[in-house]
>>> print(open('target.txt').read())   # compact mmCIF, C-alpha atoms
# COMPACT_ATOMS: atom_id res chain seq x y z
CA MET A 910 25.36 58.71 80.87
CA PHE A 911 22.24 60.88 80.78
CA THR A 912 19.00 59.28 79.56
CA GLY A 913 15.47 60.39 78.78
CA ALA A 914 12.12 58.99 77.66
CA GLY A 915 13.34 58.28 74.12
CA ILE A 916 15.27 55.22 75.27
CA SER A 917 12.12 53.57 76.65
CA THR A 918 9.69 54.01 73.75
CA ALA A 919 10.90 50.67 72.32
CA SER A 920 9.68 49.09 75.57
CA GLY A 921 6.18 50.41 74.87
CA ILE A 922 6.34 53.43 77.17
CA PRO A 923 5.21 56.65 75.45
CA ASP A 924 7.29 59.79 75.75
CA TYR A 925 5.95 63.03 77.19
CA ARG A 926 6.96 65.87 74.90
CA GLY A 927 7.10 64.33 71.43
CA PRO A 928 4.42 64.82 68.74
CA GLN A 929 2.49 61.85 70.17
CA GLY A 930 3.59 62.52 73.73
CA VAL A 931 1.44 62.35 76.84
CA TRP A 932 1.34 66.10 77.31
CA GLN A 933 -0.34 66.53 73.94
CA ARG A 934 -3.57 65.14 75.43
CA ARG A 935 -3.25 65.46 79.22
CA GLN A 936 -2.61 68.49 81.39
CA PRO A 937 -0.11 67.87 84.20
CA VAL A 938 -1.32 68.11 87.80
CA TYR A 939 0.88 70.40 89.86
CA TYR A 940 2.10 69.19 93.23
CA GLN A 941 0.51 72.06 95.15
CA ASP A 942 -2.86 71.22 93.59
CA PHE A 943 -2.43 67.54 94.39
CA MET A 944 -1.86 68.37 98.04
CA SER A 945 -4.74 70.85 98.33
CA SER A 946 -7.50 69.58 96.03
CA GLU A 947 -9.41 66.30 96.03
CA ALA A 948 -10.35 66.83 92.39
CA ALA A 949 -6.68 67.27 91.48
CA ARG A 950 -5.73 64.11 93.36
CA ILE A 951 -8.38 62.14 91.48
CA GLU A 952 -7.21 63.58 88.17
CA TYR A 953 -3.60 62.69 89.01
CA TRP A 954 -4.41 59.10 89.98
CA ASP A 955 -6.64 58.70 86.92
CA PHE A 956 -3.71 59.76 84.72
CA LYS A 957 -1.33 57.37 86.49
CA LEU A 958 -3.81 54.49 86.35
CA GLU A 959 -4.14 54.98 82.59
CA SER A 960 -0.49 54.00 82.10
CA TRP A 961 0.01 51.67 85.07
CA ALA A 962 -0.57 48.37 83.25
CA VAL A 963 1.88 49.36 80.49
CA LEU A 964 4.52 50.38 83.01
CA ARG A 965 4.00 47.31 85.19
CA ASP A 966 4.49 44.93 82.27
CA ALA A 967 7.24 46.83 80.41
CA GLN A 968 10.57 45.09 79.90
CA PRO A 969 14.04 46.60 79.35
CA ASN A 970 15.14 46.91 75.75
CA ALA A 971 18.56 46.68 74.13
CA VAL A 972 19.52 50.21 75.14
CA HIS A 973 18.87 49.57 78.85
CA ARG A 974 20.80 46.32 78.61
CA ALA A 975 23.70 48.01 76.83
CA VAL A 976 23.96 50.63 79.57
CA ALA A 977 24.07 47.86 82.19
CA GLU A 978 26.79 46.08 80.20
CA LEU A 979 28.92 49.22 80.28
CA GLU A 980 28.70 49.23 84.07
CA ARG A 981 29.75 45.58 84.24
CA ALA A 982 32.68 46.42 81.95
CA GLY A 983 33.80 49.06 84.45
CA VAL A 984 33.58 52.04 82.09
CA LEU A 985 30.43 53.72 83.43
CA GLU A 986 30.66 56.35 86.16
CA ARG A 987 26.95 57.01 86.67
CA VAL A 988 23.60 56.82 84.93
CA VAL A 989 21.59 59.99 85.45
CA THR A 990 18.07 59.50 84.14
CA GLN A 991 14.93 61.57 83.78
CA ASN A 992 12.94 58.36 83.37
CA ILE A 993 10.53 57.14 86.02
CA ASP A 994 9.92 53.69 84.54
CA GLY A 995 12.53 51.74 86.54
CA LEU A 996 13.82 49.95 83.45
CA HIS A 997 17.48 50.77 84.10
CA LEU A 998 17.27 48.83 87.37
CA ALA A 999 15.35 46.02 85.72
CA ALA A 1000 18.10 45.71 83.09
CA GLY A 1001 20.80 45.33 85.74
CA THR A 1002 22.11 48.83 86.39
CA SER A 1003 22.96 48.93 90.08
CA ARG A 1004 21.25 51.29 92.50
CA GLU A 1005 24.69 52.63 93.42
CA LYS A 1006 25.28 53.80 89.85
CA LEU A 1007 21.75 55.05 89.11
CA ILE A 1008 20.35 58.50 89.86
CA GLU A 1009 16.63 58.77 89.04
CA LEU A 1010 16.32 62.56 89.07
CA HIS A 1011 12.57 62.57 88.53
CA GLY A 1012 11.88 59.65 90.88
CA THR A 1013 10.19 56.36 90.09
CA ASP A 1014 6.72 54.98 89.39
CA ARG A 1015 7.85 51.63 90.80
CA GLU A 1016 7.05 52.82 94.34
CA VAL A 1017 4.44 55.00 96.01
CA GLU A 1018 5.42 57.48 98.70
CA CYS A 1019 3.44 58.94 101.57
CA GLN A 1020 3.53 62.73 101.36
CA SER A 1021 3.33 63.00 105.16
CA CYS A 1022 5.63 60.37 106.67
CA GLY A 1023 7.76 59.56 103.59
CA ARG A 1024 7.18 55.80 103.78
CA ARG A 1025 7.57 54.02 100.44
CA SER A 1026 5.77 50.86 99.38
CA GLU A 1027 4.81 48.76 96.37
CA PRO A 1028 2.41 50.56 94.03
CA GLY A 1029 0.07 47.67 93.21
CA PRO A 1030 -2.26 47.99 96.23
CA ALA A 1031 -2.59 51.76 95.77
CA PHE A 1032 -3.56 51.38 92.12
CA ALA A 1033 -5.99 48.58 92.97
CA HIS A 1034 -7.63 50.80 95.59
CA PHE A 1035 -8.04 53.73 93.23
CA SER A 1036 -9.29 51.53 90.40
CA ALA A 1037 -12.00 50.03 92.64
CA ALA A 1038 -13.01 53.01 94.77
CA ARG A 1039 -12.02 56.00 92.60
CA THR A 1040 -10.76 57.71 95.74
CA PRO A 1041 -7.10 58.71 96.26
CA PRO A 1042 -5.24 56.13 98.38
CA ARG A 1043 -3.91 56.98 101.82
CA CYS A 1044 -0.94 55.73 103.82
CA THR A 1045 -1.83 52.80 106.06
CA ILE A 1046 0.60 54.06 108.71
CA CYS A 1047 -0.21 57.75 109.12
CA GLY A 1048 -3.16 58.43 106.81
CA GLY A 1049 -1.23 60.82 104.57
CA TRP A 1050 -1.81 61.05 100.84
CA LEU A 1051 -0.02 58.47 98.70
CA LYS A 1052 1.55 59.47 95.40
CA PRO A 1053 3.87 57.61 93.04
CA ALA A 1054 7.42 58.45 94.12
CA THR A 1055 8.00 60.79 91.21
CA ILE A 1056 8.76 64.49 91.03
CA SER A 1057 5.59 66.29 89.99
CA PHE A 1058 5.34 69.66 88.29
CA GLY A 1059 5.94 72.32 90.91
CA GLN A 1060 7.87 69.92 93.16
CA SER A 1061 11.59 70.38 93.75
CA LEU A 1062 14.10 67.71 92.81
CA ARG A 1063 15.72 65.94 95.74
CA ARG A 1064 18.84 67.80 96.79
CA GLU A 1065 20.86 64.62 97.34
CA ASP A 1066 20.09 63.41 93.80
CA LEU A 1067 21.10 66.73 92.28
CA GLU A 1068 24.32 66.81 94.27
CA GLN A 1069 25.25 63.25 93.25
CA ALA A 1070 24.47 63.98 89.60
CA THR A 1071 26.58 67.13 89.73
CA ARG A 1072 29.55 65.27 91.18
CA ALA A 1073 29.22 62.55 88.54
CA ALA A 1074 29.16 65.07 85.69
CA LEU A 1075 32.22 66.88 86.97
CA ALA A 1076 34.12 63.59 87.39
CA ALA A 1077 33.28 62.13 83.98
CA ASP A 1078 35.71 62.01 81.07
CA LEU A 1079 32.84 61.61 78.55
CA VAL A 1080 29.14 62.45 78.79
CA VAL A 1081 26.54 60.85 76.50
CA ALA A 1082 22.95 62.11 76.52
CA MET A 1083 20.39 59.82 74.87
CA GLY A 1084 16.69 59.98 74.19
CA SER A 1085 16.06 63.37 75.76
CA THR A 1086 14.95 66.71 74.37
CA LEU A 1087 17.19 68.23 77.06
CA SER A 1088 14.58 70.89 77.68
CA VAL A 1089 13.55 70.21 81.27
CA THR A 1090 15.72 71.95 83.81
CA PRO A 1091 17.41 71.55 86.19
CA ALA A 1092 17.88 67.95 85.03
CA ALA A 1093 18.99 69.00 81.54
CA ASP A 1094 21.67 71.24 83.05
CA ILE A 1095 23.60 68.23 84.37
CA PRO A 1096 25.40 67.29 81.09
CA LEU A 1097 26.34 70.93 80.56
CA LEU A 1098 28.32 70.94 83.80
CA ALA A 1099 30.72 68.53 82.13
CA ALA A 1100 30.65 70.17 78.70
CA GLU A 1101 31.44 73.60 80.12
CA GLN A 1102 34.64 72.32 81.68
CA GLY A 1103 35.78 70.81 78.37
CA THR A 1104 34.59 67.22 78.82
CA PRO A 1105 33.56 65.64 75.50
CA TYR A 1106 29.77 65.75 75.18
CA VAL A 1107 27.77 63.56 72.77
CA ILE A 1108 24.02 63.77 72.14
CA LEU A 1109 22.03 60.96 70.53
CA ASN A 1110 18.37 61.69 69.94
CA ARG A 1111 15.58 61.51 67.39
CA GLY A 1112 14.60 65.16 66.90
CA GLU A 1113 15.93 68.48 68.09
CA THR A 1114 17.26 69.03 71.60
CA GLY A 1115 17.84 72.10 73.69
CA HIS A 1116 21.60 71.60 73.53
CA ASP A 1117 22.09 71.19 69.79
CA ASP A 1118 23.68 74.62 69.44
CA HIS A 1119 25.68 74.58 72.66
CA PRO A 1120 29.36 75.45 72.07
CA GLY A 1121 30.47 72.61 74.34
CA LEU A 1122 28.80 69.93 72.22
CA THR A 1123 31.34 67.52 70.69
CA LEU A 1124 29.13 65.28 68.55
CA ARG A 1125 25.43 65.26 67.64
CA LEU A 1126 23.91 62.02 66.31
CA GLU A 1127 20.37 62.07 64.91
CA GLY A 1128 18.14 59.03 64.76
CA ASP A 1129 17.12 55.87 66.56
CA VAL A 1130 18.94 55.47 69.87
CA ALA A 1131 19.29 51.69 69.76
CA ALA A 1132 20.52 51.63 66.15
CA ASN A 1133 23.33 54.02 67.02
CA PHE A 1134 24.14 53.20 70.62
CA VAL A 1135 24.06 49.40 70.77
CA PRO A 1136 26.68 48.88 67.99
CA ALA A 1137 28.93 51.44 69.70
CA VAL A 1138 28.67 49.56 73.00
CA GLU A 1139 29.39 46.26 71.27
CA ALA A 1140 32.51 47.84 69.78
CA VAL A 1141 33.63 48.93 73.24
CA LEU A 1142 32.94 45.48 74.70
CA GLY A 1143 34.50 43.65 71.75
CA ARG A 1144 31.53 41.27 71.54
CA PRO A 1145 27.81 41.24 70.68
CA LEU A 1146 25.46 42.37 73.41
CA GLY A 1147 24.42 39.44 75.57
CA GLU A 1148 27.40 37.22 74.82
CA PRO A 1149 29.58 36.21 77.78
CA ALA A 1150 32.62 38.38 78.39
>>> encode(input="target.txt", output="structure tokens")
Amino acid sequence: MFTGAGISTASGIPDYRGPQGVWQRRQPVYYQDFMSSEAARIEYWDFKLESWAVLRDAQPNAVHRAVAELERAGVLERVVTQNIDGLHLAAGTSREKLIELHGTDREVECQSCGRRSEPGPAFAHFSAARTPPRCTICGGWLKPATISFGQSLRREDLEQATRAALAADLVVAMGSTLSVTPAADIPLLAAEQGTPYVILNRGETGHDDHPGLTLRLEGDVAANFVPAVEAVLGRPLGEPA
């Protein structure tokens, strides 16, 4: 399973690249600028603070819950997600099955010592002082534990995602434009070795014309995916097995 921002819009979290996406009105702060410029750090934290309350209060929707149900049914190899909202975990997907390729906003990470902690105090500090928060252990700069523009994906995450794609007997990509590499290359690893590949998304994706694509479904993710999961489970979502 490969998921993108389109599965979380029903939870109130805006996407990034759609017509009303975040990048239509904000310019991303590159990692190198964050590390070298106080103004860039302030801009970055201002952007994150803008969406913090929405993220903090967001709840999993039916799609997140359906993915978790597939794991409990024993038919899910891995969930590889571009999302940084933490809603797969909140819905019940286990950490062992989840690969958050672009990191998570549910923790902050020191860029010097690597220590991770809860994000609330860092956001409270920035909101009150308007100065970028620092690590209480080593004094390094704190940043939400996400992969910023210009920052490499974690090698371990990429390796695990690659192994999962090569081991799968079906790959489903949902809610992603499949335009951001190298994350978007993961489903193609399976498709290029003949594994059935299904895309479900509202709007065009970067893989719509790929020769390895088996099925392309257009439209609302929940309206298409949840009934399919219920058919696999043999019961409505949420009912006891």
>>> residues_around(input="target.txt", residues="Leu1067 in chain A", least_positions_apart="5", cutoff="10 Å", atoms="all atoms listed in the file", output="PDB file with C-alpha atoms, in the frame of the given file")
ATOM      1  CA  VAL A 989      21.590  59.990  85.450  1.00  0.00           C
ATOM      2  CA  ILE A1008      20.350  58.500  89.860  1.00  0.00           C
ATOM      3  CA  GLU A1009      16.630  58.770  89.040  1.00  0.00           C
ATOM      4  CA  LEU A1010      16.320  62.560  89.070  1.00  0.00           C
ATOM      5  CA  LEU A1062      14.100  67.710  92.810  1.00  0.00           C
ATOM      6  CA  ARG A1072      29.550  65.270  91.180  1.00  0.00           C
ATOM      7  CA  ALA A1073      29.220  62.550  88.540  1.00  0.00           C
ATOM      8  CA  PRO A1091      17.410  71.550  86.190  1.00  0.00           C
ATOM      9  CA  ALA A1092      17.880  67.950  85.030  1.00  0.00           C
ATOM     10  CA  ILE A1095      23.600  68.230  84.370  1.00  0.00           C
TER      11      ILE A1095
END
>>> residues_around(input="target.txt", residues="Cys1044 in chain A", least_positions_apart="5", cutoff="12 Å", atoms="only C-alpha atoms", output="list in words")
Val1017, Glu1018, Cys1019, Gln1020, Ser1021, Cys1022, Gly1023, Arg1024, Arg1025, Ser1026, Glu1027, Pro1028, Pro1030, Ala1031, His1034, Gly1049, Trp1050, Leu1051, Lys1052 and Pro1053 of chain A
>>> atom_distance(input="target.txt", atom1="CA of Pro1145 in chain A", atom2="CA of Glu978 in chain A")
10.7 Å
>>> closest_residue(input="target.txt", among="A:Leu1126, A:Val988, A:Val1138, A:Ala962", to="Thr1002 in chain A", atoms="all atoms listed in the file")
A:Val988
>>> closest_residue(input="target.txt", among="A:Arg1043, A:Glu1113, A:Ile1056, A:Met910", to="Tyr940 in chain A", atoms="only C-alpha atoms")
A:Ile1056
>>> residues_around(input="target.txt", residues="Val1081 in chain A", least_positions_apart="5", cutoff="7 Å", atoms="only C-alpha atoms", output="list in words")
Met910, Phe911, Tyr1106, Val1107 and Ile1108 of chain A
>>> atom_distance(input="target.txt", atom1="CA of Met1083 in chain A", atom2="CA of Glu980 in chain A")
16.3 Å
>>> closest_residue(input="target.txt", among="A:Val938, A:Leu998, A:Ala1132, A:Leu985", to="Glu952 in chain A", atoms="only C-alpha atoms")
A:Val938
>>> atom_distance(input="target.txt", atom1="CA of Asp1094 in chain A", atom2="CA of Ala1070 in chain A")
10.2 Å
>>> closest_residue(input="target.txt", among="A:Ser1057, A:Asn970, A:Gln936, A:Ser1085", to="Asp924 in chain A", atoms="all atoms listed in the file")
A:Ser1085
>>> closest_residue(input="target.txt", among="A:Asn992, A:Thr912, A:Ser917, A:Ser1088", to="Gly1115 in chain A", atoms="only C-alpha atoms")
A:Ser1088
>>> residues_around(input="target.txt", residues="range 913-916 of chain A", least_positions_apart="5", cutoff="9 Å", atoms="only C-alpha atoms", output="PDB file with C-alpha atoms, in the coordinates of the input")
ATOM      1  CA  ILE A 922       6.340  53.430  77.170  1.00  0.00           C
ATOM      2  CA  PRO A 923       5.210  56.650  75.450  1.00  0.00           C
ATOM      3  CA  ASP A 924       7.290  59.790  75.750  1.00  0.00           C
ATOM      4  CA  TYR A 925       5.950  63.030  77.190  1.00  0.00           C
ATOM      5  CA  ASN A 970      15.140  46.910  75.750  1.00  0.00           C
ATOM      6  CA  VAL A 972      19.520  50.210  75.140  1.00  0.00           C
ATOM      7  CA  HIS A 973      18.870  49.570  78.850  1.00  0.00           C
ATOM      8  CA  THR A 990      18.070  59.500  84.140  1.00  0.00           C
ATOM      9  CA  GLN A 991      14.930  61.570  83.780  1.00  0.00           C
ATOM     10  CA  ASN A 992      12.940  58.360  83.370  1.00  0.00           C
ATOM     11  CA  ILE A 993      10.530  57.140  86.020  1.00  0.00           C
ATOM     12  CA  ASP A 994       9.920  53.690  84.540  1.00  0.00           C
ATOM     13  CA  ALA A1082      22.950  62.110  76.520  1.00  0.00           C
ATOM     14  CA  MET A1083      20.390  59.820  74.870  1.00  0.00           C
ATOM     15  CA  GLY A1084      16.690  59.980  74.190  1.00  0.00           C
ATOM     16  CA  SER A1085      16.060  63.370  75.760  1.00  0.00           C
ATOM     17  CA  THR A1086      14.950  66.710  74.370  1.00  0.00           C
ATOM     18  CA  LEU A1087      17.190  68.230  77.060  1.00  0.00           C
ATOM     19  CA  ASN A1110      18.370  61.690  69.940  1.00  0.00           C
ATOM     20  CA  ARG A1111      15.580  61.510  67.390  1.00  0.00           C
ATOM     21  CA  ASP A1129      17.120  55.870  66.560  1.00  0.00           C
ATOM     22  CA  VAL A1130      18.940  55.470  69.870  1.00  0.00           C
ATOM     23  CA  ALA A1131      19.290  51.690  69.760  1.00  0.00           C
TER      24      ALA A1131
END
>>> closest_residue(input="target.txt", among="A:Thr1071, A:Leu958, A:Val1135, A:Pro1120", to="Arg1039 in chain A", atoms="only C-alpha atoms")
A:Leu958
>>> build_atoms(input="target.txt", residues="range 970-994 of chain A", atoms="N, CA and C atoms", output="mmCIF file, keeping the file's coordinate frame")
data_model
loop_
_atom_site.group_PDB
_atom_site.id
_atom_site.type_symbol
_atom_site.label_atom_id
_atom_site.label_comp_id
_atom_site.auth_asym_id
_atom_site.auth_seq_id
_atom_site.Cartn_x
_atom_site.Cartn_y
_atom_site.Cartn_z
ATOM 1 N N ASN A 970 14.762 47.192 77.130
ATOM 2 C CA ASN A 970 15.140 46.910 75.750
ATOM 3 C C ASN A 970 16.656 46.905 75.604
ATOM 4 N N ALA A 971 17.119 46.827 74.371
ATOM 5 C CA ALA A 971 18.560 46.680 74.130
ATOM 6 C C ALA A 971 19.371 47.861 74.654
ATOM 7 N N VAL A 972 18.790 49.051 74.646
ATOM 8 C CA VAL A 972 19.520 50.210 75.140
ATOM 9 C C VAL A 972 19.741 50.111 76.646
ATOM 10 N N HIS A 973 18.705 49.750 77.404
ATOM 11 C CA HIS A 973 18.870 49.570 78.850
ATOM 12 C C HIS A 973 19.912 48.497 79.149
ATOM 13 N N ARG A 974 19.848 47.408 78.384
ATOM 14 C CA ARG A 974 20.800 46.320 78.610
ATOM 15 C C ARG A 974 22.226 46.739 78.271
ATOM 16 N N ALA A 975 22.373 47.547 77.217
ATOM 17 C CA ALA A 975 23.700 48.010 76.830
ATOM 18 C C ALA A 975 24.306 48.916 77.890
ATOM 19 N N VAL A 976 23.479 49.765 78.481
ATOM 20 C CA VAL A 976 23.960 50.630 79.570
ATOM 21 C C VAL A 976 24.438 49.782 80.738
ATOM 22 N N ALA A 977 23.665 48.744 81.086
ATOM 23 C CA ALA A 977 24.070 47.860 82.190
ATOM 24 C C ALA A 977 25.365 47.133 81.872
ATOM 25 N N GLU A 978 25.546 46.756 80.601
ATOM 26 C CA GLU A 978 26.790 46.080 80.200
ATOM 27 C C GLU A 978 27.989 47.000 80.366
ATOM 28 N N LEU A 979 27.816 48.280 80.095
ATOM 29 C CA LEU A 979 28.920 49.220 80.280
ATOM 30 C C LEU A 979 29.323 49.302 81.747
ATOM 31 N N GLU A 980 28.353 49.244 82.640
ATOM 32 C CA GLU A 980 28.700 49.230 84.070
ATOM 33 C C GLU A 980 29.504 47.987 84.421
ATOM 34 N N ARG A 981 29.044 46.826 83.930
ATOM 35 C CA ARG A 981 29.750 45.580 84.240
ATOM 36 C C ARG A 981 31.160 45.585 83.657
ATOM 37 N N ALA A 982 31.356 46.323 82.566
ATOM 38 C CA ALA A 982 32.680 46.420 81.950
ATOM 39 C C ALA A 982 33.579 47.415 82.692
ATOM 40 N N GLY A 983 33.013 48.142 83.636
ATOM 41 C CA GLY A 983 33.800 49.060 84.450
ATOM 42 C C GLY A 983 34.099 50.393 83.801
ATOM 43 N N VAL A 984 33.295 50.789 82.797
ATOM 44 C CA VAL A 984 33.580 52.040 82.090
ATOM 45 C C VAL A 984 32.477 53.082 82.297
ATOM 46 N N LEU A 985 31.566 52.813 83.201
ATOM 47 C CA LEU A 985 30.430 53.720 83.430
ATOM 48 C C LEU A 985 30.528 54.327 84.816
ATOM 49 N N GLU A 986 30.594 55.652 84.871
ATOM 50 C CA GLU A 986 30.660 56.350 86.160
ATOM 51 C C GLU A 986 29.297 56.394 86.831
ATOM 52 N N ARG A 987 28.310 56.914 86.139
ATOM 53 C CA ARG A 987 26.950 57.010 86.670
ATOM 54 C C ARG A 987 25.944 57.037 85.523
ATOM 55 N N VAL A 988 24.727 56.625 85.821
ATOM 56 C CA VAL A 988 23.600 56.820 84.930
ATOM 57 C C VAL A 988 22.669 57.822 85.602
ATOM 58 N N VAL A 989 22.515 58.964 84.965
ATOM 59 C CA VAL A 989 21.590 59.990 85.450
ATOM 60 C C VAL A 989 20.400 59.968 84.503
ATOM 61 N N THR A 990 19.219 59.650 85.017
ATOM 62 C CA THR A 990 18.070 59.500 84.140
ATOM 63 C C THR A 990 16.914 60.398 84.557
ATOM 64 N N GLN A 991 16.185 60.867 83.554
ATOM 65 C CA GLN A 991 14.930 61.570 83.780
ATOM 66 C C GLN A 991 13.764 60.582 83.846
ATOM 67 N N ASN A 992 14.012 59.337 83.500
ATOM 68 C CA ASN A 992 12.940 58.360 83.370
ATOM 69 C C ASN A 992 12.443 57.874 84.732
ATOM 70 N N ILE A 993 11.156 57.593 84.768
ATOM 71 C CA ILE A 993 10.530 57.140 86.020
ATOM 72 C C ILE A 993 10.026 55.712 85.888
ATOM 73 N N ASP A 994 10.459 55.008 84.828
ATOM 74 C CA ASP A 994 9.920 53.690 84.540
ATOM 75 C C ASP A 994 10.643 52.540 85.234
#
